[in-house]
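With compact mmCIF, C-alpha atoms (C1' of nucleotides) inside, this is data_36.txt:
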```
# COMPACT_ATOMS: atom_id res chain seq x y z
CA MET J 1135 30.53 -39.72 29.77
CA PRO J 1136 30.00 -37.51 26.73
CA ALA J 1137 32.16 -34.48 26.37
CA ILE J 1138 30.44 -31.35 27.48
CA LYS J 1139 29.49 -29.39 24.46
CA SER J 1140 30.83 -25.91 24.42
CA THR J 1141 28.12 -23.31 24.76
CA PRO J 1142 26.90 -22.22 21.36
CA PRO J 1143 28.37 -18.93 20.19
CA LYS J 1144 26.27 -15.91 20.87
CA PRO J 1145 23.98 -15.19 17.94
CA LYS J 1146 25.63 -12.66 15.69
CA ALA J 1147 23.83 -9.79 14.13
CA PHE J 1148 24.88 -9.92 10.53
CA CYS J 1149 23.05 -9.15 7.31
CA ALA J 1150 22.36 -10.54 3.85
CA LYS J 1151 25.75 -9.80 2.30
CA ILE J 1152 27.73 -10.31 5.52
CA PRO J 1153 26.23 -13.64 6.61
CA ASP J 1154 28.93 -14.75 9.02
CA ARG J 1155 32.09 -13.84 10.82
CA LYS J 1156 34.30 -14.79 7.90
CA ASN J 1157 32.57 -12.21 5.72
CA ALA J 1158 32.74 -9.73 8.54
CA ALA J 1159 36.49 -10.20 8.65
CA ALA J 1160 36.73 -9.59 4.91
CA PHE J 1161 34.59 -6.50 5.34
CA ALA J 1162 36.80 -5.22 8.14
CA ARG J 1163 39.95 -5.80 6.10
CA ALA J 1164 38.58 -3.95 3.09
CA LEU J 1165 37.50 -1.07 5.30
CA ALA J 1166 40.83 -0.93 7.10
CA GLY J 1167 42.76 -0.87 3.84
CA TRP J 1168 40.69 1.99 2.55
CA TYR J 1169 41.00 3.90 5.82
CA ALA J 1170 44.80 3.56 5.89
CA GLN J 1171 44.84 5.08 2.43
CA SER J 1172 42.07 7.66 2.61
CA ALA J 1173 41.69 8.90 6.18
CA ARG J 1174 41.75 12.67 6.51
CA LYS J 1175 44.74 13.96 8.41
CA LEU J 1176 42.92 15.43 11.36
CA PRO J 1177 45.00 16.89 14.19
CA TRP J 1178 43.78 14.43 16.81
CA ARG J 1179 44.92 11.65 14.48
CA GLN J 1180 48.35 13.24 14.00
CA ILE J 1181 49.04 13.48 17.72
CA PRO J 1182 47.50 10.33 19.09
CA SER J 1183 47.29 10.41 22.85
CA LEU J 1184 44.66 9.75 25.45
CA TYR J 1185 44.40 13.45 26.17
CA SER J 1186 43.97 14.56 22.57
CA THR J 1187 41.43 11.79 22.06
CA VAL J 1188 39.39 12.86 25.08
CA VAL J 1189 39.47 16.55 24.16
CA SER J 1190 38.55 15.91 20.53
CA GLU J 1191 35.69 13.57 21.44
CA PHE J 1192 34.21 16.09 23.85
CA MET J 1193 34.48 18.86 21.28
CA LEU J 1194 33.03 16.67 18.53
CA GLN J 1195 29.86 15.83 20.43
CA GLN J 1196 27.14 17.09 18.11
CA THR J 1197 29.62 19.51 16.52
CA GLN J 1198 31.02 19.33 13.03
CA ILE J 1199 34.70 18.67 12.44
CA SER J 1200 35.31 21.92 10.57
CA THR J 1201 33.93 23.84 13.54
CA VAL J 1202 36.10 21.98 16.03
CA LEU J 1203 39.45 22.29 14.22
CA PRO J 1204 40.54 25.79 15.35
CA TYR J 1205 39.26 25.21 18.90
CA PHE J 1206 41.18 21.97 19.21
CA GLU J 1207 44.47 23.54 18.13
CA LYS J 1208 44.14 26.47 20.52
CA TRP J 1209 43.01 24.24 23.36
CA LEU J 1210 46.01 21.95 23.13
CA ARG J 1211 48.38 24.90 23.13
CA ARG J 1212 46.78 26.45 26.22
CA PHE J 1213 45.95 23.18 28.06
CA PRO J 1214 48.54 20.65 26.82
CA ASP J 1215 47.63 17.82 29.21
CA PHE J 1216 45.25 16.68 31.95
CA GLU J 1217 47.40 18.33 34.65
CA ALA J 1218 47.35 21.73 33.00
CA LEU J 1219 43.62 21.42 32.48
CA ALA J 1220 42.96 20.34 36.06
CA LYS J 1221 44.93 23.30 37.44
CA ALA J 1222 43.35 25.93 35.19
CA PRO J 1223 40.47 28.06 36.47
CA GLU J 1224 37.10 27.26 34.99
CA ALA J 1225 36.83 30.76 33.56
CA ALA J 1226 39.91 30.09 31.42
CA LEU J 1227 38.32 26.92 30.05
CA LEU J 1228 35.09 28.66 29.22
CA LYS J 1229 36.92 31.49 27.50
CA HIS J 1230 38.66 29.01 25.23
CA TRP J 1231 35.35 27.22 24.64
CA GLU J 1232 33.63 30.48 23.74
CA GLY J 1233 31.58 30.10 20.58
CA LEU J 1234 31.78 26.31 20.47
CA GLY J 1235 28.45 25.80 22.24
CA TYR J 1236 27.19 23.22 24.73
CA TYR J 1237 29.27 24.76 27.48
CA SER J 1238 28.56 22.03 29.99
CA ARG J 1239 31.03 20.00 27.95
CA ALA J 1240 33.83 22.30 29.09
CA ARG J 1241 32.82 21.96 32.73
CA ASN J 1242 32.49 18.18 32.42
CA LEU J 1243 35.91 18.02 30.78
CA HIS J 1244 37.36 20.07 33.63
CA ALA J 1245 35.88 17.72 36.21
CA LEU J 1246 37.17 14.75 34.23
CA ALA J 1247 40.72 16.15 34.22
CA LYS J 1248 40.59 16.70 37.97
CA GLU J 1249 39.24 13.22 38.55
CA ILE J 1250 41.97 11.66 36.41
CA CYS J 1251 44.70 13.62 38.20
CA ALA J 1252 43.29 12.57 41.57
CA SER J 1253 42.27 8.97 40.94
CA GLY J 1254 43.88 7.81 37.73
CA ILE J 1255 42.68 6.93 34.26
CA PRO J 1256 39.52 4.88 33.65
CA GLU J 1257 40.57 1.56 32.16
CA ASN J 1258 37.68 0.64 29.92
CA SER J 1259 34.46 1.89 28.41
CA ARG J 1260 32.42 0.81 31.41
CA GLN J 1261 34.55 2.99 33.67
CA TRP J 1262 34.56 5.90 31.24
CA LEU J 1263 30.78 5.70 31.16
CA ARG J 1264 30.65 6.66 34.83
CA MET J 1265 32.18 10.06 34.09
CA LYS J 1266 29.83 12.95 33.61
CA GLY J 1267 29.59 14.05 30.02
CA VAL J 1268 30.64 10.62 28.76
CA GLY J 1269 27.84 8.60 27.20
CA PRO J 1270 27.87 5.36 25.19
CA TYR J 1271 29.37 6.96 22.11
CA THR J 1272 32.18 8.84 23.85
CA ALA J 1273 33.04 5.93 26.13
CA ALA J 1274 33.41 3.60 23.15
CA ALA J 1275 35.36 6.18 21.15
CA ILE J 1276 37.91 6.89 23.87
CA SER J 1277 38.41 3.32 25.00
CA SER J 1278 38.72 1.94 21.47
CA ILE J 1279 40.93 4.68 20.04
CA ALA J 1280 43.20 5.32 23.01
CA GLN J 1281 43.05 1.99 24.83
CA GLY J 1282 42.38 -0.58 22.13
CA GLU J 1283 39.13 -1.89 23.58
CA LYS J 1284 37.12 -3.87 21.07
CA ILE J 1285 33.88 -1.98 21.44
CA ALA J 1286 31.84 -0.55 18.59
CA LEU J 1287 30.52 2.98 18.61
CA VAL J 1288 27.39 4.08 16.80
CA ASP J 1289 26.92 7.69 15.80
CA GLY J 1290 24.90 9.32 13.04
CA ASN J 1291 27.43 8.29 10.37
CA VAL J 1292 27.44 4.67 11.51
CA VAL J 1293 23.64 4.51 11.60
CA ARG J 1294 23.67 5.55 7.96
CA VAL J 1295 26.35 3.03 6.97
CA LEU J 1296 24.75 0.10 8.83
CA THR J 1297 21.21 0.69 7.61
CA ARG J 1298 22.49 0.83 4.04
CA LEU J 1299 24.68 -2.27 4.38
CA SER J 1300 21.64 -4.23 5.53
CA ALA J 1301 18.94 -2.35 3.56
CA ASP J 1302 17.28 -1.78 6.91
CA LYS J 1303 13.91 -0.19 6.27
CA THR J 1304 12.90 -0.02 9.91
CA PRO J 1305 11.10 3.28 10.38
CA TYR J 1306 13.14 4.45 13.34
CA PRO J 1307 11.40 7.25 15.28
CA SER J 1308 14.62 9.26 15.10
CA ALA J 1309 18.30 8.77 14.34
CA SER J 1310 19.07 8.50 18.03
CA ALA J 1311 16.43 5.78 18.40
CA ALA J 1312 18.31 3.66 15.87
CA ILE J 1313 21.54 3.58 17.85
CA ALA J 1314 20.68 0.91 20.41
CA PRO J 1315 19.07 -1.52 17.93
CA LEU J 1316 22.08 -1.24 15.58
CA GLN J 1317 24.73 -1.68 18.25
CA PRO J 1318 24.83 -5.52 17.98
CA PHE J 1319 25.40 -5.29 14.22
CA ALA J 1320 28.14 -2.72 14.74
CA GLN J 1321 29.73 -4.93 17.39
CA SER J 1322 29.68 -8.01 15.17
CA LEU J 1323 31.73 -6.09 12.60
CA MET J 1324 34.04 -4.79 15.31
CA ASP J 1325 34.58 -8.34 16.61
CA ALA J 1326 36.06 -9.22 13.22
CA ALA J 1327 38.34 -6.18 13.10
CA GLN J 1328 42.06 -6.03 13.86
CA ASN J 1329 42.42 -2.46 15.13
CA PRO J 1330 39.43 -1.30 17.19
CA GLY J 1331 40.21 2.41 17.15
CA ALA J 1332 40.92 2.49 13.44
CA HIS J 1333 37.82 0.39 12.71
CA ASN J 1334 35.52 2.74 14.60
CA GLN J 1335 37.03 5.78 12.95
CA ALA J 1336 36.88 4.08 9.56
CA MET J 1337 33.14 3.44 9.91
CA MET J 1338 32.58 7.12 10.63
CA GLU J 1339 34.99 8.20 7.91
CA LEU J 1340 33.11 6.04 5.41
CA GLY J 1341 29.90 7.79 6.39
CA ALA J 1342 31.54 11.18 6.07
CA LEU J 1343 33.34 10.69 2.75
CA ILE J 1344 31.60 7.93 0.78
CA CYS J 1345 28.28 6.91 2.32
CA THR J 1346 27.01 10.46 2.47
CA ARG J 1347 23.76 11.97 3.61
CA ASN J 1348 23.39 15.21 1.68
CA ARG J 1349 24.37 13.85 -1.71
CA PRO J 1350 24.11 10.49 -3.44
CA PRO J 1351 26.63 8.05 -1.93
CA GLU J 1352 29.80 7.32 -3.91
CA CYS J 1353 29.10 3.61 -4.24
CA LEU J 1354 31.55 3.22 -7.12
CA LEU J 1355 34.35 4.38 -4.82
CA CYS J 1356 33.17 2.46 -1.79
CA PRO J 1357 35.65 -0.09 -0.43
CA VAL J 1358 32.86 -2.28 0.96
CA ARG J 1359 30.30 -2.04 -1.85
CA ILE J 1360 30.40 -5.80 -2.41
CA PHE J 1361 29.12 -6.22 1.16
CA CYS J 1362 26.35 -3.65 0.78
CA ALA J 1363 22.70 -4.45 0.15
CA VAL J 1364 21.95 -1.12 -1.49
CA ALA J 1365 25.21 -0.33 -3.32
CA GLY J 1366 24.46 1.39 -6.59
CA ARG J 1367 20.74 1.44 -5.99
CA ALA J 1368 18.92 4.66 -6.73
CA ASP J 1369 17.26 4.55 -3.31
CA ALA J 1370 20.51 4.16 -1.37
CA GLN J 1371 20.29 7.73 -0.15
CA ASP J 1372 16.86 7.04 1.38
CA PHE J 1373 18.47 5.08 4.24
CA PRO J 1374 18.08 5.29 7.16
CA PHE J 1375 14.29 5.42 7.20
CA LEU J 1376 13.44 7.90 9.88
CA ALA J 1377 9.75 7.88 10.59
CA ALA J 1378 8.04 11.14 10.11
CA LYS J 1379 7.53 12.84 13.41
CA LYS J 1380 4.78 10.99 15.12
CA THR J 1381 1.57 12.71 14.15
CA GLU J 1382 -1.59 12.59 16.12
CA ARG J 1383 -4.75 12.21 14.12
CA VAL J 1384 -7.48 14.66 14.99
CA GLU J 1385 -10.92 15.21 13.54
CA LYS J 1386 -12.75 18.49 13.73
CA ASP J 1387 -16.22 19.48 12.55
CA ARG J 1388 -16.69 23.12 11.61
CA LEU J 1389 -19.74 25.12 10.68
CA TRP J 1390 -20.46 27.40 7.76
CA ILE J 1391 -23.12 29.78 9.08
CA LYS J 1392 -24.34 32.66 6.97
CA HIS J 1393 -26.63 35.49 8.11
CA GLY J 1394 -27.54 37.47 5.06
CA LYS J 1395 -24.19 38.07 3.41
CA LYS J 1396 -22.22 37.72 6.62
CA LEU J 1397 -20.23 34.71 7.75
CA LEU J 1398 -19.83 33.74 11.39
CA LEU J 1399 -16.22 33.36 12.56
CA ARG J 1400 -14.49 32.89 15.88
CA ARG J 1401 -10.92 33.32 16.90
CA ALA J 1402 -8.50 31.53 19.18
CA HIS J 1403 -7.70 33.55 22.30
CA ALA J 1404 -4.42 35.42 22.59
CA GLN J 1405 -2.83 32.79 24.83
CA ALA J 1406 -3.66 29.89 22.58
CA LYS J 1407 -0.65 27.77 21.74
CA ARG J 1408 -1.56 27.66 18.12
CA LEU J 1409 -3.04 30.14 15.73
CA ALA J 1410 -3.59 32.65 18.52
CA GLN J 1411 -5.79 35.56 17.45
CA LEU J 1412 -6.45 34.06 14.05
CA TRP J 1413 -10.00 33.90 12.81
CA GLU J 1414 -11.47 30.55 11.88
CA LEU J 1415 -14.73 28.81 11.19
CA PRO J 1416 -16.50 27.92 14.46
CA LEU J 1417 -16.31 24.36 15.73
CA LYS J 1418 -19.55 22.43 15.89
CA GLU J 1419 -19.04 21.96 19.62
CA ASP J 1420 -18.92 25.76 20.07
CA LEU J 1421 -22.52 26.10 18.87
CA PRO J 1422 -24.64 23.21 20.08
CA GLN J 1423 -27.83 25.07 19.14
CA ALA J 1424 -26.90 25.25 15.48
CA ILE J 1425 -28.96 23.21 13.06
CA CYS J 1426 -26.46 21.33 11.05
CA GLN J 1427 -26.67 19.57 7.69
CA LYS J 1428 -26.06 15.86 7.54
CA GLU J 1429 -23.41 15.88 4.84
CA PRO J 1430 -20.34 18.10 4.92
CA LEU J 1431 -19.83 20.72 2.24
CA MET J 1432 -16.16 19.88 2.21
CA VAL J 1433 -13.62 17.58 3.84
CA LYS J 1434 -9.99 18.71 4.07
CA LYS J 1435 -6.81 17.43 5.67
CA ARG J 1436 -3.98 19.53 6.93
CA GLY J 1437 -1.06 19.32 9.33
CA ILE J 1438 -0.26 21.56 12.22
CA SER J 1439 2.83 20.82 14.23
CA ASN J 1440 2.56 17.11 15.07
CA GLN J 1441 -1.16 16.80 14.36
CA GLN J 1442 -2.78 15.55 11.19
CA ILE J 1443 -6.19 17.15 11.21
CA THR J 1444 -9.19 16.05 9.18
CA GLU J 1445 -11.71 18.84 9.10
CA ARG J 1446 -15.29 18.56 7.89
CA ILE J 1447 -17.23 21.69 7.13
CA PHE J 1448 -21.02 21.55 7.48
CA GLY J 1449 -23.55 24.08 6.32
CA ALA J 1450 -25.62 25.18 9.33
CA ARG J 1451 -28.25 27.65 10.50
CA LEU J 1452 -28.50 29.51 13.74
CA ALA J 1453 -31.51 31.31 15.23
CA PRO J 1454 -30.77 34.95 16.12
CA LYS J 1455 -31.50 34.30 19.80
CA ASN J 1456 -28.60 31.87 19.81
CA PHE J 1457 -26.07 34.20 18.21
CA PRO J 1458 -22.86 34.06 20.24
CA LYS J 1459 -21.55 37.21 21.93
CA GLY J 1460 -18.13 38.51 22.83
CA GLU J 1461 -15.06 39.75 21.09
CA GLN J 1462 -14.08 36.25 20.10
CA TRP J 1463 -16.93 36.25 17.61
CA ILE J 1464 -17.60 38.21 14.48
CA TRP J 1465 -20.08 38.36 11.63
CA ALA J 1466 -17.92 39.20 8.67
CA ASP J 1467 -19.16 40.50 5.33
CA GLU J 1468 -17.04 40.00 2.29
CA LYS J 1469 -15.18 43.25 2.74
CA LYS J 1470 -14.40 42.66 6.39
CA LEU J 1471 -13.48 39.08 5.73
CA HIS J 1472 -10.78 40.29 3.42
CA ALA J 1473 -9.22 42.34 6.21
CA LEU J 1474 -9.27 39.65 8.87
CA THR J 1475 -6.33 37.33 9.44
CA LEU J 1476 -7.09 33.68 8.85
CA SER J 1477 -4.81 30.71 8.75
CA GLY J 1478 -3.84 29.61 5.26
CA PRO J 1479 -6.25 26.65 5.10
CA HIS J 1480 -9.12 28.73 6.46
CA ARG J 1481 -8.49 31.43 3.92
CA ARG J 1482 -8.62 28.88 1.15
CA TRP J 1483 -11.83 27.29 2.46
CA VAL J 1484 -13.53 30.60 2.76
CA ASN J 1485 -12.55 31.47 -0.79
CA LEU J 1486 -13.88 28.16 -2.04
CA LEU J 1487 -17.15 28.49 -0.17
CA LYS J 1488 -17.75 32.20 -0.27
CA ASP J 1489 -20.48 32.00 -2.86
CA PHE J 1490 -22.34 29.35 -0.97
CA ARG J 1491 -25.68 30.75 0.20
C1' DA W 1227 10.39 9.12 24.10
C1' DA W 1228 11.03 13.93 24.06
C1' DC W 1229 13.55 18.15 25.29
C1' DG W 1230 17.18 21.52 26.04
C1' DC W 1231 21.55 22.56 25.05
C1' DG W 1232 24.54 26.30 20.74
C1' DG W 1233 26.42 27.28 16.83
C1' DG W 1234 27.15 26.37 12.04
C1' DG W 1235 26.76 23.94 7.43
C1' DG W 1236 24.12 22.11 3.56
C1' DC W 1237 20.32 22.40 0.78
C1' DG F 751 13.61 27.59 7.22
C1' DC F 752 14.68 22.98 8.30
C1' DC F 753 17.50 19.08 9.38
C1' DC F 754 21.64 17.49 11.00
C1' DC F 755 26.20 17.38 13.12
C1' DA F 756 32.23 12.15 16.06
C1' DG F 757 25.72 13.24 22.07
C1' DC F 758 24.50 13.75 26.87
C1' DG F 759 21.58 14.59 30.86
C1' DT F 760 17.03 15.25 32.50
C1' DT F 761 12.24 14.43 32.76
```

What does this structure look like when you write it as C-alpha cells?
Amino acid sequence: MPAIKSTPPKPKAFCAKIPDRKNAAAFARALAGWYAQSARKLPWRQIPSLYSTVVSEFMLQQTQISTVLPYFEKWLRRFPDFEALAKAPEAALLKHWEGLGYYSRARNLHALAKEICASGIPENSRQWLRMKGVGPYTAAAISSIAQGEKIALVDGNVVRVLTRLSADKTPYPSASAAIAPLQPFAQSLMDAAQNPGAHNQAMMELGALICTRNRPPECLLCPVRIFCAVAGRADAQDFPFLAAKKTERVEKDRLWIKHGKKLLLRRAHAQAKRLAQLWELPLKEDLPQAICQKEPLMVKKRGISNQQITERIFGARLAPKNFPKGEQWIWADEKKLHALTLSGPHRRWVNLLKDFR
DNA sequence: AACGCGGGGGC
DNA sequence: GCCCCAGCGTT
C-alpha cells in the first residue's frame, strides 16, 4: 500500500523576485536587520505591553503618528492600565481624547477595557476581531505585537510596499480595496518571519521611512531592494495604481439658438445638485420643437464630479410660438450675457461661438 | 462599493 | 484645495 502523500502545501502568493519561501525568509531577515537598526523610538515601542499596544493602535487608526504622540503620553499617565480605564467615567476619556477625532474610538476603547476586566483578554486575532472598534488591521496588529501571533497586517504603508515589491499594476478602485487582495502576499512574507510583531511593524516602518508616498522612495537605502521589482525605477513612486474615481460617461446634446443678436439660455433650478442657478445652453430634450442641424458646431468633453460628459452643441432654430417661458429661461444679448453666471466650460463655449450667426 | 467619521500634514 | 494618514462600522 503506497504511502499517503502529504497534502500539497497551500499555494503561496509570492512575486517575481521572491519566488519561494526561501527567498521570503531572506527578505524577512534583511527587513528585520534593518528594523532593529533603524526603527524610530516611539513610546509604545519603549514600553511594550498589551495595554500600550491596544491604546496606541486605537489612537493610530487613520491618524498620523506625530498627532498621536502627545495624546498617548497623557493617556498613559491618566489611565495607566485596563483597570483604571474601565473604572474611569466616559466623560474623562472623552476629555483626554479631545482634539484627536473619531471619538467613537474612545468609547470603543472604554468598552474594550470593561470587557477585558470582566471576561479576560482575547487570545488571538479572531477573538480580538469580535470587539467593537477592532477590525482586521487592529486585530492583526495587537495579536502579532503583543501576543506573537503570526498574522500579517495590511495598512496603507504595506499596500505601497507590496505593490512596489511585485510591480503590481492592478488598478485598485481605492487603497482600501487593495487590502484584501494583498493579504495573502503579506501573509506569505509573515510566514517566513521570525518575530511577527517586529515584522509587521518593520513593513510599516519601511513604508514610512524608505518606501515613501510623497517623495521618491529611497531605493538606495532600502534593505530589501534586491527583492523589489521596481527598485531604482523612475516609476517606483507611481505604485500603487489607484484607479481614478469611477467616472460615469454621459452624453448631452445642447442647442445654440439665436434670435437676432440674442442667445437662448436656461438655468438649473436652485435645488439642483450641480451648477444650481448657473446659466447654460439648453439641452436638446428641453426644446423638442427646435429645428436642429445635423452636424454639431462643436464637441467638447469635461468632467463634473464623477461624470465624464461629452457635450455636442448644435446650431438650431426655434419658431417664436415655441419660445419657452418662465424665469428659468432668458434671451441674452451680448451685454447681458457678460453679466450672467455661467459654468467655466459654458463661458468658454459661448466665447468661442459668440460670433456665430 | 461608498460614506461618515475629525483633525492635521504634505504638496 | 486635495489626498492621505498604523481603519472601522454602516448601508

Which residue of J:Ala1314, J:Ile1425, J:Val1295, J:Val1288 approaches F:DA756 most closely, using all atoms listed in the file: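 Closest residue, counting all atoms listed in the file: J:Val1288.
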
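Those DNA, RNA and protein residues that approach the point (31.0, 8.1, 0.7) to within 10 Å, considering all atoms listed in the file, are Val1295, Glu1339, Leu1340, Gly1341, Ala1342, Leu1343, Ile1344, Cys1345, Thr1346, Arg1347, Arg1349, Pro1350, Pro1351, Glu1352, Cys1353, Leu1354, Leu1355, Cys1356 and Pro1357 of chain J.
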
Contact set, chain F to chain J: 10 Å, all atoms listed in the file, as a ChimeraX atom specification: /F:754-759

7 Å contacts from chain W to chain J using all atoms listed in the file, as an NGL selection string: :W and (1231-1233)

Neighbour list for J:Glu1414 as a PyMOL selection string, cut-off 7 Å, all atoms listed in the file, skip fewer than 5 positions in-chain: chain J and resi 1399-1401+1476+1480

Who sits within 12 Å of J:Lys1284, all atoms listed in the file, same chain under 6 positions skipped, as a VMD selection string: chain J and resid 1258 to 1259 1273 to 1278 1320 to 1334

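Atom CA of J:Pro1318 to atom CA of J:Ala1147 spans 5.8 Å [interatomic distance, one decimal].
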
Atom pair atom CA of J:Ser1183 / atom CA of J:His1230: separation (Å): 20.6 Å

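Proximity ranking of J:Val1484, J:Leu1210, J:Leu1376, J:Ile1313 relative to J:Ile1391 places J:Val1484 first, based on all atoms listed in the file.
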
d(atom CA of J:Ala1466, atom CA of J:Arg1388) in Å: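 Separation of atom CA of J:Ala1466 and atom CA of J:Arg1388: 16.4 Å.
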
Counting only C-alpha atoms, the residue of J:Arg1451, J:Arg1174, J:Arg1260, J:His1244 that sits nearest J:Val1189: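 For J:Val1189, the nearest of the candidates is J:His1244.
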